[in-house]
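See below for structure14.cif, which holds mmCIF, C-alpha atoms.
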data_structure
loop_
_atom_site.label_atom_id
_atom_site.label_comp_id
_atom_site.auth_asym_id
_atom_site.auth_seq_id
_atom_site.Cartn_x
_atom_site.Cartn_y
_atom_site.Cartn_z
CA MET U 274 -4.29 -11.87 5.75
CA LYS U 275 -6.20 -14.57 3.87
CA TYR U 276 -6.09 -12.69 0.56
CA ASP U 277 -2.96 -11.37 -1.16
CA PHE U 278 -3.36 -7.68 -1.94
CA ASP U 279 0.39 -7.24 -2.43
CA GLN U 280 0.39 -9.33 -5.60
CA ARG U 281 1.21 -7.34 -8.74
CA ILE U 282 -0.81 -8.71 -11.63
CA ASP U 283 0.18 -8.25 -15.27
CA ARG U 284 -2.88 -6.89 -17.10
CA ARG U 285 -1.23 -6.48 -20.48
CA ASN U 286 -3.03 -8.06 -23.44
CA THR U 287 -6.35 -8.17 -21.58
CA ASN U 288 -7.95 -5.18 -23.37
CA ALA U 289 -8.04 -3.35 -20.03
CA LYS U 290 -9.23 0.21 -20.55
CA LYS U 291 -6.92 1.32 -17.75
CA PHE U 292 -3.83 0.14 -19.64
CA ASP U 293 -4.85 0.12 -23.30
CA GLY U 294 -7.27 3.03 -23.49
CA TYR U 295 -5.63 5.78 -21.46
CA LYS U 296 -4.40 7.90 -24.40
CA ALA U 297 -7.77 8.28 -26.11
CA TYR U 298 -9.64 8.75 -22.84
CA MET U 299 -7.29 11.03 -20.93
CA PHE U 300 -5.63 13.00 -23.70
CA LYS U 301 -8.24 12.62 -26.48
CA ASP U 302 -5.39 11.54 -28.74
CA ALA U 303 -4.58 7.86 -29.21
CA SER U 304 -1.38 8.78 -31.06
CA ILE U 305 0.15 10.94 -28.31
CA LYS U 306 3.79 10.13 -27.56
CA LEU U 307 5.09 9.99 -24.00
CA PRO U 308 8.77 9.50 -23.04
CA TYR U 309 7.93 6.13 -21.46
CA GLU U 310 7.07 2.70 -22.72
CA ASP U 311 3.58 1.52 -21.82
CA ASP U 312 4.86 -1.04 -19.34
CA GLU U 313 6.85 1.67 -17.52
CA LEU U 314 3.80 3.75 -16.70
CA ILE U 315 2.11 3.80 -13.29
CA HIS U 316 -1.68 3.82 -13.63
CA PHE U 317 -3.39 5.78 -10.84
CA TRP U 318 -6.26 7.03 -12.96
CA ILE U 319 -9.50 5.14 -13.72
CA ALA U 320 -11.44 3.68 -10.80
CA ASP U 321 -10.79 -0.02 -10.96
CA MET U 322 -8.56 -2.00 -8.62
CA GLU U 323 -5.20 -3.71 -9.10
CA PHE U 324 -6.32 -6.47 -6.73
CA ALA U 325 -7.23 -10.01 -7.73
CA VAL U 326 -10.95 -10.63 -7.57
CA ALA U 327 -12.19 -12.60 -4.56
CA PRO U 328 -11.74 -16.32 -5.31
CA GLU U 329 -15.32 -16.92 -4.19
CA ILE U 330 -16.48 -14.80 -7.15
CA THR U 331 -14.15 -16.56 -9.56
CA GLU U 332 -15.46 -19.93 -8.40
CA ALA U 333 -19.07 -18.85 -8.98
CA ILE U 334 -18.19 -17.84 -12.55
CA LYS U 335 -16.39 -21.14 -13.16
CA LYS U 336 -19.38 -23.08 -11.85
CA ARG U 337 -21.66 -21.25 -14.29
CA LEU U 338 -19.16 -21.84 -17.13
CA ASP U 339 -19.32 -25.55 -16.41
CA GLN U 340 -23.00 -25.49 -17.36
CA LYS U 341 -21.75 -24.99 -20.96
CA ILE U 342 -24.61 -22.91 -22.41
CA TYR U 343 -24.72 -19.12 -22.10
CA GLY U 344 -27.90 -18.17 -23.91
CA TYR U 345 -30.29 -15.31 -23.29
CA THR U 346 -30.52 -14.87 -19.53
CA ILE U 347 -33.03 -13.04 -17.33
CA ASN U 348 -33.37 -12.39 -13.61
CA SER U 349 -36.10 -14.98 -13.13
CA ASP U 350 -35.57 -16.01 -9.49
CA ARG U 351 -35.12 -14.37 -6.09
CA ARG U 352 -31.42 -15.01 -5.62
CA LEU U 353 -30.17 -11.50 -6.45
CA TYR U 354 -32.95 -9.83 -4.50
CA ASP U 355 -32.37 -12.05 -1.47
CA ALA U 356 -28.61 -11.49 -1.64
CA LEU U 357 -28.73 -7.69 -2.01
CA ASN U 358 -31.63 -7.20 0.38
CA SER U 359 -29.85 -9.24 3.08
CA TRP U 360 -26.61 -7.34 2.40
CA CYS U 361 -28.36 -4.00 2.87
CA MET U 362 -30.25 -5.16 5.96
CA ASN U 363 -27.19 -6.62 7.66
CA ARG U 364 -24.86 -3.71 6.85
CA TYR U 365 -27.17 -0.71 6.66
CA GLU U 366 -30.41 -1.75 8.42
CA TRP U 367 -32.30 -0.93 5.23
CA THR U 368 -34.54 -3.04 3.05
CA PHE U 369 -36.60 -2.67 -0.12
CA ASP U 370 -39.38 -4.51 -1.94
CA GLU U 371 -38.51 -7.16 -4.49
CA ASP U 372 -40.56 -5.62 -7.30
CA GLU U 373 -38.53 -2.38 -7.03
CA LEU U 374 -35.32 -4.09 -8.22
CA VAL U 375 -34.24 -3.88 -11.85
CA ILE U 376 -30.86 -4.66 -13.43
CA SER U 377 -28.64 -2.43 -15.56
CA PRO U 378 -25.27 -3.07 -17.22
CA GLY U 379 -23.94 -0.20 -15.12
CA ILE U 380 -24.94 2.74 -12.97
CA VAL U 381 -23.88 5.34 -15.53
CA PRO U 382 -25.97 3.73 -18.29
CA ALA U 383 -28.87 3.57 -15.83
CA ILE U 384 -28.57 7.26 -14.95
CA ARG U 385 -28.39 8.12 -18.64
CA THR U 386 -31.55 6.11 -19.34
CA LEU U 387 -33.44 7.44 -16.32
CA ILE U 388 -32.68 11.06 -17.19
CA GLY U 389 -34.10 10.40 -20.63
CA TYR U 390 -37.27 8.94 -19.14
CA ILE U 391 -37.82 11.74 -16.63
CA CYS U 392 -36.67 14.99 -18.25
CA ALA U 393 -38.34 16.99 -20.99
CA ASP U 394 -36.10 18.63 -23.60
CA ASP U 395 -36.03 22.00 -21.85
CA GLU U 396 -35.38 20.66 -18.34
CA LYS U 397 -32.14 20.33 -16.36
CA VAL U 398 -30.33 17.97 -14.00
CA LEU U 399 -28.78 19.18 -10.72
CA PHE U 400 -25.81 17.81 -8.77
CA ASN U 401 -23.09 18.98 -6.37
CA THR U 402 -19.52 19.73 -7.40
CA PRO U 403 -16.76 18.71 -7.67
CA ALA U 404 -18.48 15.92 -9.55
CA TYR U 405 -17.82 12.76 -11.43
CA VAL U 406 -17.81 13.83 -15.08
CA GLN U 407 -20.15 11.03 -16.13
CA PHE U 408 -23.08 12.79 -14.46
CA ALA U 409 -22.66 15.65 -16.92
CA SER U 410 -22.10 13.22 -19.78
CA ALA U 411 -25.32 11.36 -18.95
CA ALA U 412 -27.24 14.62 -19.24
CA LYS U 413 -25.41 15.72 -22.38
CA LEU U 414 -26.21 12.46 -24.16
CA ASN U 415 -29.89 13.24 -23.56
CA ASN U 416 -29.41 16.84 -24.76
CA ILE U 417 -30.22 17.96 -21.22
CA ASP U 418 -28.43 20.87 -19.53
CA ILE U 419 -26.91 20.66 -16.06
CA VAL U 420 -27.09 22.89 -13.00
CA THR U 421 -24.41 22.58 -10.33
CA SER U 422 -24.19 23.49 -6.65
CA PRO U 423 -20.61 23.69 -5.39
CA PHE U 424 -19.53 22.23 -2.07
CA ILE U 425 -17.84 24.55 0.41
CA LYS U 426 -14.22 23.51 0.89
CA ASN U 427 -12.85 23.98 4.40
CA CYS U 428 -9.28 24.81 5.40
CA ASP U 429 -8.66 21.20 6.50
CA GLY U 430 -9.67 19.85 3.11
CA THR U 431 -13.10 18.61 4.17
CA TYR U 432 -16.25 19.67 2.35
CA ASP U 433 -19.63 21.02 3.49
CA ILE U 434 -22.89 21.29 1.56
CA ASP U 435 -24.06 24.80 0.68
CA TYR U 436 -27.75 24.23 1.41
CA ILE U 437 -28.66 27.83 0.62
CA ASP U 438 -27.24 27.56 -2.89
CA LEU U 439 -28.64 24.05 -3.30
CA GLU U 440 -32.16 25.16 -2.40
CA LYS U 441 -31.92 28.07 -4.80
CA LYS U 442 -31.10 25.63 -7.61
CA MET U 443 -33.74 23.09 -6.54
CA ALA U 444 -36.44 25.75 -6.49
CA LYS U 445 -36.19 26.23 -10.25
CA ALA U 446 -39.21 24.76 -12.01
CA ASP U 447 -37.13 23.49 -14.93
CA THR U 448 -34.91 21.26 -12.75
CA PRO U 449 -36.82 18.08 -11.87
CA VAL U 450 -33.86 15.73 -11.13
CA PHE U 451 -31.19 15.82 -8.42
CA ILE U 452 -28.31 13.32 -8.59
CA LEU U 453 -26.82 12.58 -5.18
CA CYS U 454 -23.42 10.89 -5.08
CA ASN U 455 -23.67 9.01 -1.76
CA PRO U 456 -20.89 8.57 -0.67
CA HIS U 457 -19.20 11.28 -2.65
CA ASN U 458 -16.73 10.80 -5.48
CA PRO U 459 -14.15 12.38 -5.77
CA THR U 460 -13.94 13.97 -2.30
CA GLY U 461 -14.37 10.76 -0.29
CA LYS U 462 -17.05 12.40 1.85
CA ALA U 463 -19.47 10.14 3.74
CA TYR U 464 -22.66 12.03 4.51
CA THR U 465 -23.93 12.14 8.07
CA GLU U 466 -27.55 11.36 8.88
CA ASP U 467 -28.14 15.05 9.56
CA GLU U 468 -26.76 16.02 6.15
CA LEU U 469 -28.94 13.43 4.42
CA GLU U 470 -31.99 14.61 6.36
CA LYS U 471 -31.37 18.13 5.05
CA PHE U 472 -31.05 16.80 1.50
CA ALA U 473 -34.30 14.90 2.01
CA GLU U 474 -36.13 17.95 3.33
CA LEU U 475 -35.25 19.97 0.22
CA ILE U 476 -35.98 17.12 -2.18
CA LYS U 477 -39.45 16.68 -0.70
CA LYS U 478 -40.08 20.42 -0.52
CA TYR U 479 -39.54 20.81 -4.26
CA ASP U 480 -40.99 17.41 -5.20
CA MET U 481 -37.85 16.40 -7.07
CA TRP U 482 -36.82 13.11 -8.57
CA VAL U 483 -33.62 11.97 -6.85
CA ILE U 484 -31.13 9.44 -8.21
CA SER U 485 -28.84 8.30 -5.39
CA ASP U 486 -25.61 6.85 -6.79
CA GLU U 487 -24.34 4.61 -3.98
CA ILE U 488 -21.73 2.68 -5.94
CA HIS U 489 -18.94 3.35 -3.40
CA CYS U 490 -21.06 2.57 -0.32
CA ASP U 491 -19.21 -0.61 0.70
CA LEU U 492 -15.75 1.02 0.70
CA ARG U 493 -15.24 2.57 4.12
CA ARG U 494 -12.29 3.94 6.07
CA GLU U 495 -11.62 2.69 9.58
CA GLY U 496 -13.63 4.62 12.15
CA THR U 497 -16.17 5.96 9.66
CA PRO U 498 -19.79 5.09 10.58
CA ALA U 499 -21.67 2.69 8.33
CA HIS U 500 -23.10 3.94 5.06
CA ILE U 501 -26.60 5.42 5.23
CA PRO U 502 -28.70 4.79 2.12
CA LEU U 503 -30.85 7.76 1.17
CA GLY U 504 -33.72 5.27 0.97
CA LYS U 505 -33.37 4.69 4.71
CA VAL U 506 -33.71 8.42 5.38
CA MET U 507 -36.61 8.73 2.92
CA PRO U 508 -38.47 5.42 3.50
CA ASP U 509 -41.73 6.46 1.83
CA TYR U 510 -40.58 8.86 -0.89
CA ASP U 511 -41.86 7.58 -4.22
CA LYS U 512 -39.58 9.57 -6.54
CA LEU U 513 -36.34 8.03 -5.22
CA ILE U 514 -34.07 5.78 -7.31
CA THR U 515 -31.17 4.01 -5.56
CA CYS U 516 -28.21 2.70 -7.59
CA MET U 517 -25.93 0.03 -6.13
CA SER U 518 -23.30 -2.26 -7.59
CA THR U 519 -20.54 -4.72 -6.78
CA SER U 520 -18.40 -3.21 -9.53
CA LYS U 521 -16.23 -0.91 -7.39
CA SER U 522 -16.23 -2.79 -4.08
CA PHE U 523 -15.35 -6.16 -5.63
CA ASN U 524 -13.43 -5.02 -8.72
CA ILE U 525 -15.79 -6.52 -11.30
CA ALA U 526 -16.74 -3.40 -13.27
CA GLY U 527 -15.99 -5.20 -16.53
CA LEU U 528 -18.73 -7.74 -15.79
CA ALA U 529 -21.25 -4.92 -16.06
CA GLU U 530 -24.15 -5.58 -13.71
CA SER U 531 -25.70 -3.05 -11.35
CA SER U 532 -28.81 -3.07 -9.20
CA ILE U 533 -31.24 -0.18 -9.65
CA ILE U 534 -34.03 0.19 -7.10
CA ILE U 535 -36.92 2.19 -8.57
CA ARG U 536 -39.79 2.91 -6.22
CA ASN U 537 -42.09 4.70 -8.62
CA GLU U 538 -44.30 2.11 -10.32
CA LYS U 539 -44.89 4.10 -13.49
CA LEU U 540 -41.17 4.76 -14.03
CA ARG U 541 -40.36 1.15 -13.23
CA ASN U 542 -42.91 -0.05 -15.76
CA THR U 543 -41.32 2.21 -18.36
CA TRP U 544 -37.95 0.62 -17.59
CA ASN U 545 -39.34 -2.92 -17.64
CA THR U 546 -41.06 -2.49 -20.99
CA SER U 547 -38.09 -0.86 -22.74
CA GLY U 548 -35.91 -3.87 -23.50
CA HIS U 549 -33.76 -4.13 -20.35
CA GLU U 550 -34.58 -7.70 -19.32
CA ASN U 551 -31.58 -9.61 -20.74
CA ILE U 552 -28.55 -9.94 -18.46
CA ASN U 553 -25.09 -11.53 -18.68
CA PRO U 554 -25.17 -14.98 -17.04
CA LEU U 555 -21.59 -14.74 -15.73
CA SER U 556 -22.04 -11.22 -14.40
CA HIS U 557 -25.17 -12.26 -12.57
CA GLU U 558 -23.49 -15.16 -10.79
CA ALA U 559 -20.53 -12.95 -9.88
CA THR U 560 -22.82 -10.31 -8.38
CA ILE U 561 -24.75 -12.83 -6.29
CA ALA U 562 -21.51 -14.44 -5.11
CA ALA U 563 -20.10 -11.06 -4.06
CA TYR U 564 -23.12 -10.35 -1.86
CA THR U 565 -23.37 -13.86 -0.42
CA LYS U 566 -19.71 -14.93 -0.13
CA GLY U 567 -17.58 -11.80 -0.48
CA GLU U 568 -17.88 -10.08 2.89
CA GLU U 569 -14.60 -11.37 4.32
CA TRP U 570 -12.68 -10.38 1.18
CA LEU U 571 -14.21 -6.90 1.32
CA LYS U 572 -13.31 -6.51 4.98
CA CYS U 573 -9.69 -7.42 4.23
CA CYS U 574 -9.66 -5.10 1.21
CA ASN U 575 -10.88 -2.15 3.29
CA THR U 576 -8.19 -2.86 5.90
CA TYR U 577 -5.50 -2.88 3.20
CA LEU U 578 -6.88 0.35 1.77
CA ASP U 579 -6.77 1.96 5.21
CA GLU U 580 -3.02 1.37 5.26
CA ASN U 581 -2.63 2.72 1.73
CA PHE U 582 -4.43 5.91 2.72
CA LYS U 583 -2.20 6.26 5.78
CA TYR U 584 0.85 5.81 3.58
CA LEU U 585 -0.41 8.49 1.18
CA VAL U 586 -0.98 11.00 3.97
CA ASP U 587 2.46 10.38 5.50
CA PHE U 588 4.22 10.44 2.14
CA VAL U 589 2.65 13.73 1.10
CA ALA U 590 3.45 15.32 4.47
CA ASP U 591 7.10 14.25 4.21
CA ASN U 592 7.73 14.75 0.48
CA LEU U 593 5.12 17.16 -0.89
CA PRO U 594 4.64 19.62 1.97
CA LYS U 595 2.77 22.14 -0.18
CA ALA U 596 0.11 19.57 -1.12
CA LYS U 597 -2.83 18.65 1.07
CA VAL U 598 -4.59 15.28 1.15
CA CYS U 599 -8.29 15.78 1.74
CA PRO U 600 -9.49 13.53 4.57
CA SER U 601 -11.24 10.53 3.04
CA GLN U 602 -13.97 8.49 4.70
CA THR U 603 -14.80 6.26 1.77
CA THR U 604 -13.91 5.13 -1.79
CA TYR U 605 -10.37 4.05 -2.71
CA LEU U 606 -9.55 7.39 -4.30
CA GLY U 607 -7.13 9.91 -2.83
CA TRP U 608 -8.14 13.56 -3.40
CA ILE U 609 -5.18 15.91 -3.20
CA ASP U 610 -5.00 19.71 -3.36
CA MET U 611 -1.95 20.68 -5.42
CA SER U 612 -2.81 24.34 -5.91
CA GLU U 613 0.54 25.39 -4.40
CA TYR U 614 2.44 23.49 -7.08
CA PHE U 615 0.54 24.46 -10.23
CA ASN U 616 -1.00 27.46 -11.95
CA GLU U 617 -4.73 27.53 -12.66
CA ASP U 618 -4.38 26.68 -16.34
CA ASP U 619 -1.64 24.02 -16.06
CA ASP U 620 -2.32 20.61 -17.60
CA ILE U 621 -1.59 18.53 -14.51
CA GLU U 622 -2.46 15.19 -16.11
CA LEU U 623 -0.01 15.79 -18.95
CA PHE U 624 2.68 17.01 -16.53
CA PHE U 625 2.67 13.83 -14.44
CA ALA U 626 2.35 11.60 -17.50
CA HIS U 627 5.26 13.28 -19.29
CA GLU U 628 7.55 14.09 -16.38
CA ALA U 629 6.85 11.18 -14.02
CA GLY U 630 5.34 8.42 -16.11
CA VAL U 631 2.35 8.44 -13.78
CA LEU U 632 -1.23 8.64 -15.00
CA ILE U 633 -3.58 10.51 -12.67
CA GLU U 634 -6.87 12.33 -13.07
CA ALA U 635 -6.95 16.04 -12.32
CA ASP U 636 -9.31 19.00 -12.43
CA LYS U 637 -10.40 18.71 -16.07
CA ALA U 638 -11.62 15.16 -15.45
CA PHE U 639 -14.30 16.51 -13.10
CA VAL U 640 -17.15 18.97 -13.25
CA ASP U 641 -16.31 22.33 -11.65
CA ASN U 642 -14.87 23.18 -8.24
CA ALA U 643 -11.79 21.01 -8.78
CA ASN U 644 -9.07 23.33 -10.05
CA ARG U 645 -5.60 21.91 -9.33
CA MET U 646 -7.09 18.92 -7.51
CA VAL U 647 -5.62 15.49 -8.25
CA ARG U 648 -7.39 12.14 -7.83
CA ILE U 649 -5.28 9.01 -7.51
CA ASN U 650 -6.43 5.42 -7.27
CA LEU U 651 -5.06 3.76 -4.13
CA ALA U 652 -6.55 0.31 -4.83
CA CYS U 653 -3.21 -1.18 -5.75
CA PRO U 654 -0.37 -3.14 -4.12
CA ARG U 655 1.56 -0.94 -1.71
CA SER U 656 4.79 -1.40 -3.63
CA TYR U 657 3.04 0.00 -6.72
CA LEU U 658 1.68 2.94 -4.71
CA LYS U 659 5.12 3.71 -3.28
CA GLU U 660 6.73 3.59 -6.71
CA GLY U 661 4.17 5.94 -8.27
CA LEU U 662 4.18 8.48 -5.44
CA ALA U 663 7.99 8.57 -5.46
CA LYS U 664 7.96 9.34 -9.19
CA MET U 665 5.40 12.11 -8.70
CA ALA U 666 7.45 13.72 -5.92
CA LYS U 667 10.66 13.50 -7.95
CA ALA U 668 9.00 15.16 -10.93
CA LEU U 669 7.70 18.03 -8.80
CA ASP U 670 11.09 18.46 -7.10
CA TYR U 671 12.81 18.63 -10.49
CA ALA U 672 10.25 21.13 -11.81
CA LEU U 673 10.72 23.39 -8.79
CA VAL U 674 14.52 23.32 -9.13
CA SER U 675 14.32 24.00 -12.85
#
Mind turning the file's structure into structure tokens?
Amino acid sequence: MKYDFDQRIDRRNTNAKKFDGYKAYMFKDASIKLPYEDDELIHFWIADMEFAVAPEITEAIKKRLDQKIYGYTINSDRRLYDALNSWCMNRYEWTFDEDELVISPGIVPAIRTLIGYICADDEKVLFNTPAYVQFASAAKLNNIDIVTSPFIKNCDGTYDIDYIDLEKKMAKADTPVFILCNPHNPTGKAYTEDELEKFAELIKKYDMWVISDEIHCDLRREGTPAHIPLGKVMPDYDKLITCMSTSKSFNIAGLAESSIIIRNEKLRNTWNTSGHENINPLSHEATIAAYTKGEEWLKCCNTYLDENFKYLVDFVADNLPKAKVCPSQTTYLGWIDMSEYFNEDDDIELFFAHEAGVLIEADKAFVDNANRMVRINLACPRSYLKEGLAKMAKALDYALVS
């Protein structure tokens, strides 16, 4: 393989949230004491990779650095549009108009801002669960309530959409916004065209705004059909906002640039006249390089992740027989049912941190419908994955014996 995904990179002293911010974020207590030194911990929690960024991206940043001035920067040419539009056409057979594209420092900040633009004080935001907690946080920061529609979990660990419940929630007059996580985090579900058509039918029926978070769209398991943007299924729907980014797929979340595609002219004008025009010059070059030069790296990364997922499934079957890995079609996040190992009110995150020295995210890190579910980040060297899983299994074995 051209790129080295087995390399273990020391991220200490880089202000990485994953390594320096876990106590305050996960345990809400920066002074918490664990029976491990920081450099002994295995970090399977937050969704960024332990892989070196594609050298093509690094070279683009270096080239921009060589220009020596990093003043106020705007998206004043077609390079990002051409890069992203070509990427979407070549991979997903979908395209969009240039004037629909705006830039945000991240998808979560964009969702937060858009909810504020769209919703009145007494209105609500709807999404499916289990859900990424930041959807709820984006609403809360706007003093907006949430409404949730739980997925139906099948015996094999896959998930189906409860369209009857979803329609009931969409029909409420005080719920103008639906957030679709496409593909879905944390379950790893890739929606079929039929499922997206059913979403589209309900969205149009109740004339809802829809924000489609497609941040994980480029991460795909072997054998899974290509991602289907909601915009492809709803080519003429004006109240659709599509959110895409290189942050997850290319491990550049810290560079903070995302592409937001807003069809509605009035909403887009509100965005464009609200002080969003300045961008980071290095982030912009990195994003364009990812879309124009990063395809081979991404292909290799997905292949490596395929093997990590296979290792996870085999390891759990052999060492944690009471756990169940939910089949994943996308993302780099393993979603594991550990309901046979824990009680409903157990603090699973604290258990693995204290007993195994492994940091994972569990039910309380998500919105509803996730009790005793564990999410682990598989975007790491296989040796690191093996070490962390072995520690988790040993801790559970010891707890069962005790």
Near Ile315 in chain U, counting only C-alpha atoms, which residues have an atom at most 8 Å away, once you skip same-chain residues fewer than 2 positions from it, shown as number ranges by chain?
U: 313, 317, 630-632, 657, 661
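Shortest separation to Met611 in chain U among U:Pro449, U:Pro308, U:Pro382, U:Gly430 occurs at residue U:Gly430, atoms counted being only C-alpha atoms.
Interatomic distance, CA of Ala652 in chain U against CA of Leu578 in chain U: 6.6 Å.
For the set U:Arg536, U:Lys478, U:His489, U:Arg337, the residue with the smallest atom-to-atom gap to Gly504 in chain U is U:Arg536, counting only C-alpha atoms.
When all atoms listed in the file are used to measure the gap to Phe424 in chain U, the shortest distance among U:Ala666, U:Leu475, U:Val640, U:Lys290 belongs to U:Val640.
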Within 12 Å of Met299 in chain U, counting all atoms listed in the file, which residues show up once you throw out same-chain ones fewer than 3 positions away? Write them as a PyMOL selection string, please.
chain U and resi 290-296+302-305+316+318-319+620-623+626+632-639
For the PyMOL selection byres ((chain U and resi 646) around 8), applied here, can you spell out every residue it catches as a PDB file with C-alpha atoms, in the frame of the given file?
ATOM      1  CA  TRP U 608      -8.140  13.560  -3.400  1.00  0.00           C
ATOM      2  CA  ILE U 609      -5.180  15.910  -3.200  1.00  0.00           C
ATOM      3  CA  ASP U 610      -5.000  19.710  -3.360  1.00  0.00           C
ATOM      4  CA  MET U 611      -1.950  20.680  -5.420  1.00  0.00           C
ATOM      5  CA  SER U 612      -2.810  24.340  -5.910  1.00  0.00           C
ATOM      6  CA  ALA U 635      -6.950  16.040 -12.320  1.00  0.00           C
ATOM      7  CA  ASP U 636      -9.310  19.000 -12.430  1.00  0.00           C
ATOM      8  CA  ALA U 643     -11.790  21.010  -8.780  1.00  0.00           C
ATOM      9  CA  ASN U 644      -9.070  23.330 -10.050  1.00  0.00           C
ATOM     10  CA  ARG U 645      -5.600  21.910  -9.330  1.00  0.00           C
ATOM     11  CA  VAL U 647      -5.620  15.490  -8.250  1.00  0.00           C
ATOM     12  CA  ARG U 648      -7.390  12.140  -7.830  1.00  0.00           C
TER      13      ARG U 648
END
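Checking U:Thr603, U:Ser520, U:Thr448, U:Ser422 one by one against Cys392 in chain U, counting all atoms listed in the file, you find the shortest gap at U:Thr448.
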For Ile347 in chain U, please output as a list in words all residues within 7 Å (counting all atoms listed in the file; exclusion window: fewer than 5 positions along the same chain).
Glu550, Asn551 and Ile552 of chain U
At a cut-off of 12 Å from (-13.7, -3.8, -18.3) in the coordinates of the file, what residues are picked up using all atoms listed in the file, written as a short mmCIF file (atom, residue, chain, number, x, y, z; two decimals) with C-alpha atoms, keeping the file's coordinate frame?
data_model
loop_
_atom_site.label_atom_id
_atom_site.label_comp_id
_atom_site.auth_asym_id
_atom_site.auth_seq_id
_atom_site.Cartn_x
_atom_site.Cartn_y
_atom_site.Cartn_z
CA ARG U 284 -2.88 -6.89 -17.10
CA THR U 287 -6.35 -8.17 -21.58
CA ASN U 288 -7.95 -5.18 -23.37
CA ALA U 289 -8.04 -3.35 -20.03
CA LYS U 290 -9.23 0.21 -20.55
CA LYS U 291 -6.92 1.32 -17.75
CA PHE U 292 -3.83 0.14 -19.64
CA ASP U 293 -4.85 0.12 -23.30
CA GLY U 294 -7.27 3.03 -23.49
CA ILE U 319 -9.50 5.14 -13.72
CA ALA U 320 -11.44 3.68 -10.80
CA ASP U 321 -10.79 -0.02 -10.96
CA MET U 322 -8.56 -2.00 -8.62
CA PRO U 378 -25.27 -3.07 -17.22
CA GLY U 379 -23.94 -0.20 -15.12
CA SER U 520 -18.40 -3.21 -9.53
CA LYS U 521 -16.23 -0.91 -7.39
CA ASN U 524 -13.43 -5.02 -8.72
CA ILE U 525 -15.79 -6.52 -11.30
CA ALA U 526 -16.74 -3.40 -13.27
CA GLY U 527 -15.99 -5.20 -16.53
CA LEU U 528 -18.73 -7.74 -15.79
CA ALA U 529 -21.25 -4.92 -16.06
CA GLU U 530 -24.15 -5.58 -13.71
CA SER U 556 -22.04 -11.22 -14.40
#
